[in-house]
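The file model20.cif contains mmCIF, C-alpha atoms:
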```cif
data_query
loop_
_atom_site.group_PDB
_atom_site.id
_atom_site.type_symbol
_atom_site.label_atom_id
_atom_site.label_comp_id
_atom_site.auth_asym_id
_atom_site.auth_seq_id
_atom_site.Cartn_x
_atom_site.Cartn_y
_atom_site.Cartn_z
ATOM 1 C CA MET H 4 -66.779 104.249 19.953
ATOM 2 C CA LYS H 5 -67.054 101.271 22.283
ATOM 3 C CA GLU H 6 -66.142 97.945 20.696
ATOM 4 C CA ILE H 7 -68.923 95.362 20.750
ATOM 5 C CA GLN H 8 -67.844 92.245 22.603
ATOM 6 C CA PRO H 9 -68.067 89.032 20.534
ATOM 7 C CA ALA H 10 -70.680 86.492 21.580
ATOM 8 C CA VAL H 11 -71.937 82.989 20.902
ATOM 9 C CA THR H 12 -75.555 81.981 21.390
ATOM 10 C CA PHE H 13 -76.506 78.342 21.778
ATOM 11 C CA ASP H 14 -79.728 76.480 21.256
ATOM 12 C CA LEU H 15 -80.743 74.353 24.247
ATOM 13 C CA TRP H 16 -82.520 71.100 23.278
ATOM 14 C CA HIS H 17 -80.337 68.649 21.347
ATOM 15 C CA THR H 18 -77.460 71.129 21.444
ATOM 16 C CA LEU H 19 -76.462 71.666 25.080
ATOM 17 C CA VAL H 20 -78.857 69.217 26.720
ATOM 18 C CA TYR H 21 -80.883 66.250 25.513
ATOM 19 C CA VAL H 22 -83.018 63.346 26.614
ATOM 20 C CA THR H 23 -82.963 59.891 25.068
ATOM 21 C CA PRO H 24 -85.448 59.235 22.241
ATOM 22 C CA ASP H 25 -87.585 56.992 24.471
ATOM 23 C CA GLU H 26 -87.561 59.543 27.283
ATOM 24 C CA GLU H 27 -88.447 62.292 24.839
ATOM 25 C CA GLN H 28 -91.366 60.308 23.443
ATOM 26 C CA ARG H 29 -92.742 59.584 26.924
ATOM 27 C CA TYR H 30 -92.258 63.187 28.003
ATOM 28 C CA MET H 31 -94.185 64.575 25.046
ATOM 29 C CA GLN H 32 -97.031 62.119 25.615
ATOM 30 C CA ARG H 33 -97.141 63.072 29.286
ATOM 31 C CA GLN H 34 -97.416 66.750 28.324
ATOM 32 C CA LEU H 35 -100.662 65.861 26.555
ATOM 33 C CA ASP H 36 -101.860 63.851 29.540
ATOM 34 C CA VAL H 37 -101.165 66.749 31.910
ATOM 35 C CA ALA H 38 -103.242 69.095 29.743
ATOM 36 C CA ARG H 39 -106.061 66.533 29.450
ATOM 37 C CA ASP H 40 -106.211 66.082 33.226
ATOM 38 C CA ALA H 41 -106.303 69.841 33.804
ATOM 39 C CA LEU H 42 -109.040 70.250 31.203
ATOM 40 C CA GLU H 43 -111.061 67.503 32.841
ATOM 41 C CA GLY H 44 -110.748 69.438 36.111
ATOM 42 C CA SER H 45 -111.813 72.716 34.472
ATOM 43 C CA PRO H 46 -115.531 73.454 35.087
ATOM 44 C CA PRO H 47 -117.705 73.362 31.959
ATOM 45 C CA LEU H 48 -119.514 76.532 30.960
ATOM 46 C CA PRO H 49 -123.319 76.498 30.678
ATOM 47 C CA GLY H 50 -124.404 74.535 27.623
ATOM 48 C CA ALA H 51 -121.000 72.940 27.088
ATOM 49 C CA ARG H 52 -121.033 69.557 25.398
ATOM 50 C CA ALA H 53 -119.745 66.646 27.445
ATOM 51 C CA LEU H 54 -116.327 65.603 26.167
ATOM 52 C CA SER H 55 -114.333 62.492 27.010
ATOM 53 C CA GLY H 56 -110.773 62.562 28.254
ATOM 54 C CA ALA H 57 -109.615 61.369 24.842
ATOM 55 C CA GLU H 58 -111.461 64.236 23.134
ATOM 56 C CA LEU H 59 -109.983 66.796 25.526
ATOM 57 C CA ARG H 60 -106.523 65.380 24.961
ATOM 58 C CA ALA H 61 -107.035 65.625 21.195
ATOM 59 C CA LEU H 62 -108.152 69.258 21.517
ATOM 60 C CA PHE H 63 -104.977 70.203 23.359
ATOM 61 C CA ARG H 64 -102.845 68.205 20.945
ATOM 62 C CA GLN H 65 -104.294 70.219 18.064
ATOM 63 C CA GLU H 66 -103.422 73.473 19.844
ATOM 64 C CA TYR H 67 -99.915 72.228 20.624
ATOM 65 C CA GLU H 68 -99.292 71.251 17.011
ATOM 66 C CA ALA H 69 -100.692 74.588 15.838
ATOM 67 C CA ALA H 70 -98.282 76.337 18.211
ATOM 68 C CA VAL H 71 -95.348 74.388 16.763
ATOM 69 C CA ALA H 72 -96.416 75.381 13.241
ATOM 70 C CA GLU H 73 -96.827 79.003 14.302
ATOM 71 C CA SER H 74 -93.382 78.998 15.893
ATOM 72 C CA ARG H 75 -91.895 78.282 12.469
ATOM 73 C CA THR H 76 -93.254 81.667 11.349
ATOM 74 C CA GLY H 77 -91.439 83.328 14.254
ATOM 75 C CA ARG H 78 -94.479 83.795 16.521
ATOM 76 C CA SER H 79 -94.459 82.484 20.076
ATOM 77 C CA VAL H 80 -97.510 80.630 21.413
ATOM 78 C CA THR H 81 -96.952 79.818 25.065
ATOM 79 C CA PRO H 82 -98.052 76.651 26.861
ATOM 80 C CA VAL H 83 -100.611 78.724 28.772
ATOM 81 C CA GLN H 84 -102.040 80.108 25.530
ATOM 82 C CA GLN H 85 -102.281 76.590 24.125
ATOM 83 C CA PHE H 86 -104.097 75.339 27.211
ATOM 84 C CA GLU H 87 -106.516 78.260 27.338
ATOM 85 C CA ARG H 88 -107.275 77.985 23.622
ATOM 86 C CA ALA H 89 -108.121 74.316 24.105
ATOM 87 C CA ALA H 90 -110.311 75.218 27.098
ATOM 88 C CA ARG H 91 -112.203 77.795 25.055
ATOM 89 C CA ARG H 92 -112.870 75.254 22.331
ATOM 90 C CA ALA H 93 -114.092 72.785 24.974
ATOM 91 C CA ARG H 94 -116.199 75.570 26.568
ATOM 92 C CA ARG H 95 -114.547 75.159 29.944
ATOM 93 C CA ARG H 96 -113.288 77.639 32.499
ATOM 94 C CA PRO H 97 -109.550 76.925 32.372
ATOM 95 C CA ARG H 98 -107.817 75.941 35.577
ATOM 96 C CA THR H 99 -104.522 77.292 34.365
ATOM 97 C CA ARG H 100 -102.766 77.123 37.719
ATOM 98 C CA SER H 101 -103.548 73.431 38.009
ATOM 99 C CA TYR H 102 -102.165 72.846 34.509
ATOM 100 C CA LEU H 103 -98.966 74.786 35.202
ATOM 101 C CA SER H 104 -98.404 73.071 38.543
ATOM 102 C CA ALA H 105 -98.654 69.624 36.947
ATOM 103 C CA LEU H 106 -96.448 70.702 34.042
ATOM 104 C CA ARG H 107 -93.811 72.010 36.451
ATOM 105 C CA ASP H 108 -93.835 68.687 38.297
ATOM 106 C CA LEU H 109 -93.452 66.850 34.988
ATOM 107 C CA VAL H 110 -90.400 68.931 34.015
ATOM 108 C CA ARG H 111 -88.875 68.231 37.431
ATOM 109 C CA THR H 112 -89.011 64.482 36.733
ATOM 110 C CA LEU H 113 -87.271 64.773 33.370
ATOM 111 C CA ARG H 114 -83.733 63.408 33.311
ATOM 112 C CA PHE H 115 -81.635 65.944 31.423
ATOM 113 C CA HIS H 116 -78.329 64.816 29.920
ATOM 114 C CA VAL H 117 -75.579 67.362 29.262
ATOM 115 C CA ALA H 118 -74.227 67.131 25.722
ATOM 116 C CA PRO H 119 -70.681 65.789 25.349
ATOM 117 C CA ASP H 120 -68.196 68.686 25.209
ATOM 118 C CA ALA H 121 -70.886 71.185 26.288
ATOM 119 C CA ARG H 122 -69.298 72.362 29.511
ATOM 120 C CA GLY H 123 -65.787 72.231 28.088
ATOM 121 C CA THR H 124 -66.770 74.184 24.984
ATOM 122 C CA LEU H 125 -68.583 76.880 26.937
ATOM 123 C CA SER H 126 -65.712 77.138 29.414
ATOM 124 C CA ALA H 127 -63.132 77.485 26.641
ATOM 125 C CA LEU H 128 -65.082 80.210 24.852
ATOM 126 C CA ARG H 129 -65.747 82.052 28.094
ATOM 127 C CA ARG H 130 -62.037 82.017 28.987
ATOM 128 C CA GLU H 131 -61.252 83.562 25.616
ATOM 129 C CA GLY H 132 -63.587 86.450 26.394
ATOM 130 C CA TYR H 133 -66.740 85.548 24.459
ATOM 131 C CA LEU H 134 -70.119 86.418 25.913
ATOM 132 C CA LEU H 135 -72.380 83.362 25.973
ATOM 133 C CA ALA H 136 -76.151 82.957 26.019
ATOM 134 C CA ILE H 137 -78.732 80.194 25.688
ATOM 135 C CA LEU H 138 -81.585 80.855 23.255
ATOM 136 C CA SER H 139 -84.441 78.346 23.160
ATOM 137 C CA ASN H 140 -87.923 77.947 21.740
ATOM 138 C CA THR H 141 -90.150 76.830 24.627
ATOM 139 C CA THR H 142 -93.341 75.521 23.079
ATOM 140 C CA GLY H 143 -93.894 72.598 25.434
ATOM 141 C CA GLU H 144 -92.881 74.051 28.799
ATOM 142 C CA PRO H 145 -92.224 77.531 30.239
ATOM 143 C CA GLY H 146 -88.621 78.622 30.408
ATOM 144 C CA ARG H 147 -88.956 79.320 34.124
ATOM 145 C CA TYR H 148 -89.367 75.569 34.681
ATOM 146 C CA LEU H 149 -86.151 74.862 32.784
ATOM 147 C CA ARG H 150 -84.032 77.399 34.656
ATOM 148 C CA PRO H 151 -83.713 75.364 37.887
ATOM 149 C CA ALA H 152 -82.593 72.281 35.925
ATOM 150 C CA LEU H 153 -80.039 74.306 33.967
ATOM 151 C CA SER H 154 -78.780 75.852 37.176
ATOM 152 C CA ARG H 155 -78.314 72.407 38.745
ATOM 153 C CA LEU H 156 -76.387 71.330 35.646
ATOM 154 C CA GLY H 157 -73.949 74.225 36.108
ATOM 155 C CA PHE H 158 -74.951 76.460 33.183
ATOM 156 C CA ASP H 159 -75.479 79.566 35.329
ATOM 157 C CA GLU H 160 -71.718 79.751 35.826
ATOM 158 C CA LEU H 161 -71.009 79.500 32.104
ATOM 159 C CA VAL H 162 -73.537 81.749 30.352
ATOM 160 C CA SER H 163 -74.508 85.386 30.781
ATOM 161 C CA GLY H 164 -78.187 84.977 30.012
ATOM 162 C CA TYR H 165 -81.126 82.808 29.018
ATOM 163 C CA THR H 166 -83.747 83.743 26.440
ATOM 164 C CA PHE H 167 -86.909 81.630 26.182
ATOM 165 C CA SER H 168 -89.542 82.173 23.509
ATOM 166 C CA ASP H 169 -92.526 81.769 25.859
ATOM 167 C CA GLU H 170 -91.397 84.952 27.630
ATOM 168 C CA LEU H 171 -91.416 86.965 24.388
ATOM 169 C CA PRO H 172 -93.693 87.534 21.381
ATOM 170 C CA TRP H 173 -91.185 85.808 19.091
ATOM 171 C CA SER H 174 -89.723 82.382 18.513
ATOM 172 C CA LYS H 175 -86.818 81.253 16.384
ATOM 173 C CA PRO H 176 -86.459 81.908 13.421
ATOM 174 C CA ALA H 177 -87.683 85.483 14.065
ATOM 175 C CA PRO H 178 -84.633 87.776 13.987
ATOM 176 C CA GLN H 179 -86.025 89.776 16.906
ATOM 177 C CA ILE H 180 -85.466 86.982 19.410
ATOM 178 C CA PHE H 181 -81.801 86.653 18.407
ATOM 179 C CA ARG H 182 -81.286 90.409 18.690
ATOM 180 C CA HIS H 183 -83.048 90.443 22.046
ATOM 181 C CA ALA H 184 -80.800 87.676 23.394
ATOM 182 C CA LEU H 185 -77.678 89.498 22.230
ATOM 183 C CA ASP H 186 -78.819 92.876 23.489
ATOM 184 C CA ARG H 187 -79.389 91.380 26.959
ATOM 185 C CA ILE H 188 -75.760 90.308 27.235
ATOM 186 C CA GLY H 189 -74.294 93.430 25.631
ATOM 187 C CA SER H 190 -73.408 92.186 22.157
ATOM 188 C CA GLY H 191 -74.865 92.436 18.657
ATOM 189 C CA PRO H 192 -75.520 90.267 15.577
ATOM 190 C CA ALA H 193 -72.484 91.422 13.602
ATOM 191 C CA ALA H 194 -70.213 90.230 16.414
ATOM 192 C CA ALA H 195 -72.025 86.979 17.186
ATOM 193 C CA VAL H 196 -72.356 83.359 16.063
ATOM 194 C CA HIS H 197 -75.267 81.021 16.763
ATOM 195 C CA VAL H 198 -74.976 77.245 17.273
ATOM 196 C CA GLY H 199 -77.996 74.945 17.068
ATOM 197 C CA ASP H 200 -79.400 71.740 15.628
ATOM 198 C CA SER H 201 -82.431 72.870 13.618
ATOM 199 C CA TRP H 202 -83.717 74.891 10.687
ATOM 200 C CA SER H 203 -84.963 77.635 13.018
ATOM 201 C CA ASP H 204 -81.402 78.074 14.321
ATOM 202 C CA VAL H 205 -79.817 78.302 10.880
ATOM 203 C CA GLU H 206 -82.535 80.437 9.322
ATOM 204 C CA GLY H 207 -82.967 82.646 12.381
ATOM 205 C CA GLY H 208 -79.283 83.458 12.598
ATOM 206 C CA ARG H 209 -79.287 84.348 8.909
ATOM 207 C CA ARG H 210 -82.338 86.606 9.265
ATOM 208 C CA ALA H 211 -80.782 88.327 12.268
ATOM 209 C CA ARG H 212 -77.672 89.043 10.138
ATOM 210 C CA MET H 213 -75.357 87.326 12.562
ATOM 211 C CA ALA H 214 -71.723 86.841 11.655
ATOM 212 C CA GLY H 215 -72.390 83.143 11.159
ATOM 213 C CA THR H 216 -74.426 80.089 12.099
ATOM 214 C CA ILE H 217 -73.185 76.600 12.908
ATOM 215 C CA LEU H 218 -75.412 73.550 12.559
ATOM 216 C CA PHE H 219 -74.685 71.010 15.294
ATOM 217 C CA THR H 220 -75.521 67.474 14.137
ATOM 218 C CA GLY H 221 -74.140 65.419 17.016
ATOM 219 C CA LEU H 222 -77.435 64.914 18.894
ATOM 220 C CA GLN H 223 -80.037 64.562 16.179
ATOM 221 C CA ASN H 224 -81.329 61.222 17.464
ATOM 222 C CA TYR H 225 -84.811 62.542 18.208
ATOM 223 C CA GLY H 226 -87.888 60.891 19.634
ATOM 224 C CA GLN H 227 -90.511 59.923 17.069
ATOM 225 C CA GLU H 228 -93.014 62.645 17.962
ATOM 226 C CA TYR H 229 -90.333 65.320 18.287
ATOM 227 C CA ARG H 230 -89.005 64.546 14.822
ATOM 228 C CA ARG H 231 -92.504 64.543 13.305
ATOM 229 C CA LEU H 232 -93.361 67.945 14.747
ATOM 230 C CA PHE H 233 -90.078 69.812 14.602
ATOM 231 C CA PHE H 234 -88.478 68.237 11.519
ATOM 232 C CA PRO H 235 -91.303 67.832 8.988
ATOM 233 C CA ALA H 236 -90.517 67.001 5.380
ATOM 234 C CA GLY H 237 -88.403 69.713 3.840
ATOM 235 C CA LEU H 238 -86.818 70.830 7.102
ATOM 236 C CA ASP H 239 -84.649 67.744 7.554
ATOM 237 C CA ARG H 240 -82.145 68.844 4.905
ATOM 238 C CA LEU H 241 -80.665 72.027 6.230
ATOM 239 C CA PRO H 242 -78.531 74.357 4.110
ATOM 240 C CA ALA H 243 -75.997 75.263 6.763
ATOM 241 C CA GLN H 244 -73.105 77.681 6.569
ATOM 242 C CA PHE H 245 -71.027 75.357 8.757
ATOM 243 C CA ARG H 246 -71.676 71.899 10.213
ATOM 244 C CA VAL H 247 -70.046 70.214 13.193
ATOM 245 C CA ARG H 248 -70.632 66.873 14.886
ATOM 246 C CA THR H 249 -69.025 67.950 18.161
ATOM 247 C CA LEU H 250 -69.500 71.178 20.063
ATOM 248 C CA ALA H 251 -65.737 71.476 20.465
ATOM 249 C CA GLY H 252 -65.531 71.523 16.673
ATOM 250 C CA ALA H 253 -67.403 74.828 16.701
ATOM 251 C CA ILE H 254 -64.626 76.651 18.572
ATOM 252 C CA PRO H 255 -62.202 77.217 15.645
ATOM 253 C CA ILE H 256 -65.126 78.276 13.415
ATOM 254 C CA VAL H 257 -66.271 80.809 16.002
ATOM 255 C CA ARG H 258 -62.725 82.194 16.263
ATOM 256 C CA ARG H 259 -62.552 82.597 12.504
ATOM 257 C CA LEU H 260 -65.951 84.303 12.205
ATOM 258 C CA VAL H 261 -65.636 86.578 15.233
ATOM 259 C CA PRO H 262 -62.118 86.699 16.686
ATOM 260 C CA PRO H 263 -61.861 86.764 20.478
ATOM 261 C CA PRO H 264 -61.523 90.187 22.071
ATOM 262 C CA ARG H 265 -58.085 91.727 22.290
ATOM 263 C CA ARG H 266 -56.576 91.385 25.737
#
```

Starting from the file, give its structure as structure tokens.
Amino acid sequence: MKEIQPAVTFDLWHTLVYVTPDEEQRYMQRQLDVARDALEGSPPLPGARALSGAELRALFRQEYEAAVAESRTGRSVTPVQQFERAARRARRRPRTRSYLSALRDLVRTLRFHVAPDARGTLSALRREGYLLAILSNTTGEPGRYLRPALSRLGFDELVSGYTFSDELPWSKPAPQIFRHALDRIGSGPAAAVHVGDSWSDVEGGRRARMAGTILFTGLQNYGQEYRRLFFPAGLDRLPAQFRVRTLAGAIPIVRRLVPPPRR
């Protein structure tokens, strides 16, 4: 029987990459503006009520927040679905391509920062024979818009695969998305550890029956809106199996939970 190769999956935002709190706040507000502008450019259906830009922005914001809440149940609601739901409520014919084009341009302007120790930690684990993957919920932007940025930052050379929730029916903490990510790189939950900064990482790894989960607390300086949406009351105190403040600190825990493959 073939031995399953050990693996480590990593969350993306506030684990491997981050933006400053001010940048994050501006970015999230601009996501709403992009949707508002695209809704304003979407032709109204017959009998549609005239809505102001502020009202259209509020409609999309409601759909975005509903998508965040739904993601906590393990169901993925993509940015396109959010936009088209808002358009239906506004009784407009959605110009989805216009929305996606503007959203792609917005992501391109975002200044990503690589987490301290990220490249070194991934390189060390890769040298020891671990399979590596990035697993991210993508509620605000499609994963295909993140891939070019991650490639420019050098992650393509370090990981074996990317899994983004907008490309699947599931989001973290659904166990299916963890199993999917591991299956893509040729590993399995019993031989894998997940590292991330949020409840969905800890709970999802547990539900997927992974060998262990590690809560990374080194980049939890979130923007105001990000914290409100993704860390509501009750989810800011996380019962974690292991906690580390540096990514390098996860390496000995990973070795203990799933030893590196025999050479």

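One distance worth recording is that between CA of Arg60 (chain H) and CA of Arg29 (chain H), which is 15.1 Å.
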
Task: Atomic separation - CA of Gly123 (chain H) relative to CA of Ser190 (chain H), Å - done: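 Atom-to-atom, CA of Ser190 (chain H) to CA of Gly123 (chain H), that is 22.2 Å.
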
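Of the listed residues (H:Ile188, H:Ala118, H:Leu15, H:Ala51), H:Leu15 comes nearest to Ser201 (chain H); the distances count only C-alpha atoms.
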
Task: Pick from H:Pro255, H:Val196, H:Ala127, H:Pro145 nearest to Thr81 (chain H), counting all atoms listed in the file - done: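 Closest to Thr81 (chain H) of all the choices is H:Pro145.
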
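Residue nearest Ser45 (chain H) within the list H:Glu170, H:Glu228, H:Glu87, H:Glu206: H:Glu87 [criterion: smallest interatomic distance, only C-alpha atoms].
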
- [ ] For CA of Val71 (chain H) and CA of Thr141 (chain H), quote the distance in Å rounded to one decimal.
- [x]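 Here the two named atoms are 9.7 Å from each other.
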
Open item on the list: Please list as a ChimeraX atom specification every residue within 10 Å of Asn224 (chain H), counting only C-alpha atoms and excluding residues in the same chain fewer than 2 positions away.
Closed with: /H:17,21-24,220-222,226-227,229-230

Limited to C-alpha atoms, could you put the picked residues into a file as a short mmCIF file (atom, residue, chain, number, x, y, z; two decimals), in the coordinates of the input?
```
data_model
loop_
_atom_site.label_atom_id
_atom_site.label_comp_id
_atom_site.auth_asym_id
_atom_site.auth_seq_id
_atom_site.Cartn_x
_atom_site.Cartn_y
_atom_site.Cartn_z
CA HIS H 17 -80.34 68.65 21.35
CA TYR H 21 -80.88 66.25 25.51
CA VAL H 22 -83.02 63.35 26.61
CA THR H 23 -82.96 59.89 25.07
CA PRO H 24 -85.45 59.24 22.24
CA THR H 220 -75.52 67.47 14.14
CA GLY H 221 -74.14 65.42 17.02
CA LEU H 222 -77.44 64.91 18.89
CA GLY H 226 -87.89 60.89 19.63
CA GLN H 227 -90.51 59.92 17.07
CA TYR H 229 -90.33 65.32 18.29
CA ARG H 230 -89.00 64.55 14.82
#
```

TODO: Using the chain letters and numbering of this document, enumerate as a PyMOL selection string the residues selected by the PyMOL selection byres ((chain H and resi 250) around 12).
DONE: chain H and resi 13-14+17-20+117-128+197-200+217-222+246-249+251-257

TODO: List every protein, DNA or RNA residue with an atom no more than 6 Å from (-101.0, 74.4, 22.6) in the file's coordinates, counting all atoms listed in the file, and format the result as number ranges by chain.
DONE: H: 63, 66-67, 70, 82, 85-86

Given the selection you just returned, output its residues as a file containing C-alpha atoms, formatted as an mmCIF file, in the frame of the given file.
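Final output, saved to out-v8.cif:
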```
data_model
loop_
_atom_site.group_PDB
_atom_site.id
_atom_site.type_symbol
_atom_site.label_atom_id
_atom_site.label_comp_id
_atom_site.auth_asym_id
_atom_site.auth_seq_id
_atom_site.Cartn_x
_atom_site.Cartn_y
_atom_site.Cartn_z
ATOM 1 C CA PHE H 63 -104.977 70.203 23.359
ATOM 2 C CA GLU H 66 -103.422 73.473 19.844
ATOM 3 C CA TYR H 67 -99.915 72.228 20.624
ATOM 4 C CA ALA H 70 -98.282 76.337 18.211
ATOM 5 C CA PRO H 82 -98.052 76.651 26.861
ATOM 6 C CA GLN H 85 -102.281 76.590 24.125
ATOM 7 C CA PHE H 86 -104.097 75.339 27.211
#
```

TODO: Write out as a list in words the residues lying within 10 Å of Arg107 (chain H), counting all atoms listed in the file and excluding same-chain residues fewer than 2 positions away.
DONE: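 Contacts, with the query itself left out: Ser101, Tyr102, Leu103, Ser104, Ala105, Leu109, Val110, Arg111, Thr112, Glu144, Pro145, Arg147, Tyr148 and Leu149 of chain H.
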
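Comparing the minimum interatomic distances between Leu185 (chain H) and each of H:Arg78, H:Thr12, H:Arg98, H:Ala89, counting only C-alpha atoms, we find that H:Thr12 sits nearest.
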
Task: Of the listed residues H:Ala72, H:Arg114, H:Gln65, H:Arg130, that which approaches Pro264 (chain H) most closely, counting all atoms listed in the file - done: H:Arg130

As a short mmCIF file (atom, residue, chain, number, x, y, z; two decimals), keeping the file's coordinate frame, could you write out region 81-107 of chain H once it has been completed with N, CA and C atoms?
```
data_model
loop_
_atom_site.label_atom_id
_atom_site.label_comp_id
_atom_site.auth_asym_id
_atom_site.auth_seq_id
_atom_site.Cartn_x
_atom_site.Cartn_y
_atom_site.Cartn_z
N THR H 81 -97.42 80.40 23.81
CA THR H 81 -96.95 79.82 25.06
C THR H 81 -97.78 78.60 25.45
N PRO H 82 -97.25 77.76 26.36
CA PRO H 82 -98.05 76.65 26.86
C PRO H 82 -99.38 77.10 27.47
N VAL H 83 -99.37 78.21 28.19
CA VAL H 83 -100.61 78.72 28.77
C VAL H 83 -101.61 79.09 27.67
N GLN H 84 -101.15 79.75 26.63
CA GLN H 84 -102.04 80.11 25.53
C GLN H 84 -102.61 78.86 24.87
N GLN H 85 -101.79 77.84 24.71
CA GLN H 85 -102.28 76.59 24.12
C GLN H 85 -103.38 75.98 24.99
N PHE H 86 -103.13 75.93 26.29
CA PHE H 86 -104.10 75.34 27.21
C PHE H 86 -105.40 76.13 27.21
N GLU H 87 -105.31 77.43 27.27
CA GLU H 87 -106.52 78.26 27.34
C GLU H 87 -107.28 78.26 26.02
N ARG H 88 -106.58 78.13 24.91
CA ARG H 88 -107.28 77.98 23.62
C ARG H 88 -108.06 76.68 23.58
N ALA H 89 -107.43 75.61 24.06
CA ALA H 89 -108.12 74.32 24.10
C ALA H 89 -109.33 74.39 25.03
N ALA H 90 -109.19 75.08 26.17
CA ALA H 90 -110.31 75.22 27.10
C ALA H 90 -111.46 76.00 26.47
N ARG H 91 -111.14 77.03 25.72
CA ARG H 91 -112.20 77.80 25.06
C ARG H 91 -112.96 76.93 24.06
N ARG H 92 -112.21 76.13 23.31
CA ARG H 92 -112.87 75.25 22.33
C ARG H 92 -113.74 74.21 23.01
N ALA H 93 -113.31 73.77 24.21
CA ALA H 93 -114.09 72.78 24.97
C ALA H 93 -115.20 73.46 25.79
N ARG H 94 -115.25 74.79 25.78
CA ARG H 94 -116.20 75.57 26.57
C ARG H 94 -116.07 75.23 28.05
N ARG H 95 -114.84 75.39 28.53
CA ARG H 95 -114.55 75.16 29.94
C ARG H 95 -113.81 76.36 30.51
N ARG H 96 -113.98 76.57 31.80
CA ARG H 96 -113.29 77.64 32.50
C ARG H 96 -111.91 77.11 32.88
N PRO H 97 -110.86 77.59 32.23
CA PRO H 97 -109.55 76.92 32.37
C PRO H 97 -108.96 77.05 33.76
N ARG H 98 -108.56 75.94 34.32
CA ARG H 98 -107.82 75.94 35.58
C ARG H 98 -106.33 75.95 35.23
N THR H 99 -105.87 77.14 34.88
CA THR H 99 -104.52 77.29 34.36
C THR H 99 -103.48 76.99 35.43
N ARG H 100 -103.74 77.38 36.65
CA ARG H 100 -102.77 77.12 37.72
C ARG H 100 -102.57 75.62 37.92
N SER H 101 -103.65 74.88 37.85
CA SER H 101 -103.55 73.43 38.01
C SER H 101 -102.71 72.83 36.88
N TYR H 102 -102.94 73.31 35.66
CA TYR H 102 -102.16 72.85 34.51
C TYR H 102 -100.68 73.15 34.68
N LEU H 103 -100.37 74.39 35.07
CA LEU H 103 -98.97 74.79 35.20
C LEU H 103 -98.28 74.03 36.33
N SER H 104 -98.98 73.80 37.43
CA SER H 104 -98.40 73.07 38.54
C SER H 104 -98.03 71.65 38.13
N ALA H 105 -98.93 70.99 37.40
CA ALA H 105 -98.65 69.62 36.95
C ALA H 105 -97.54 69.61 35.91
N LEU H 106 -97.50 70.62 35.05
CA LEU H 106 -96.45 70.70 34.04
C LEU H 106 -95.09 70.94 34.70
N ARG H 107 -95.06 71.77 35.71
CA ARG H 107 -93.81 72.01 36.45
C ARG H 107 -93.31 70.71 37.09
#
```
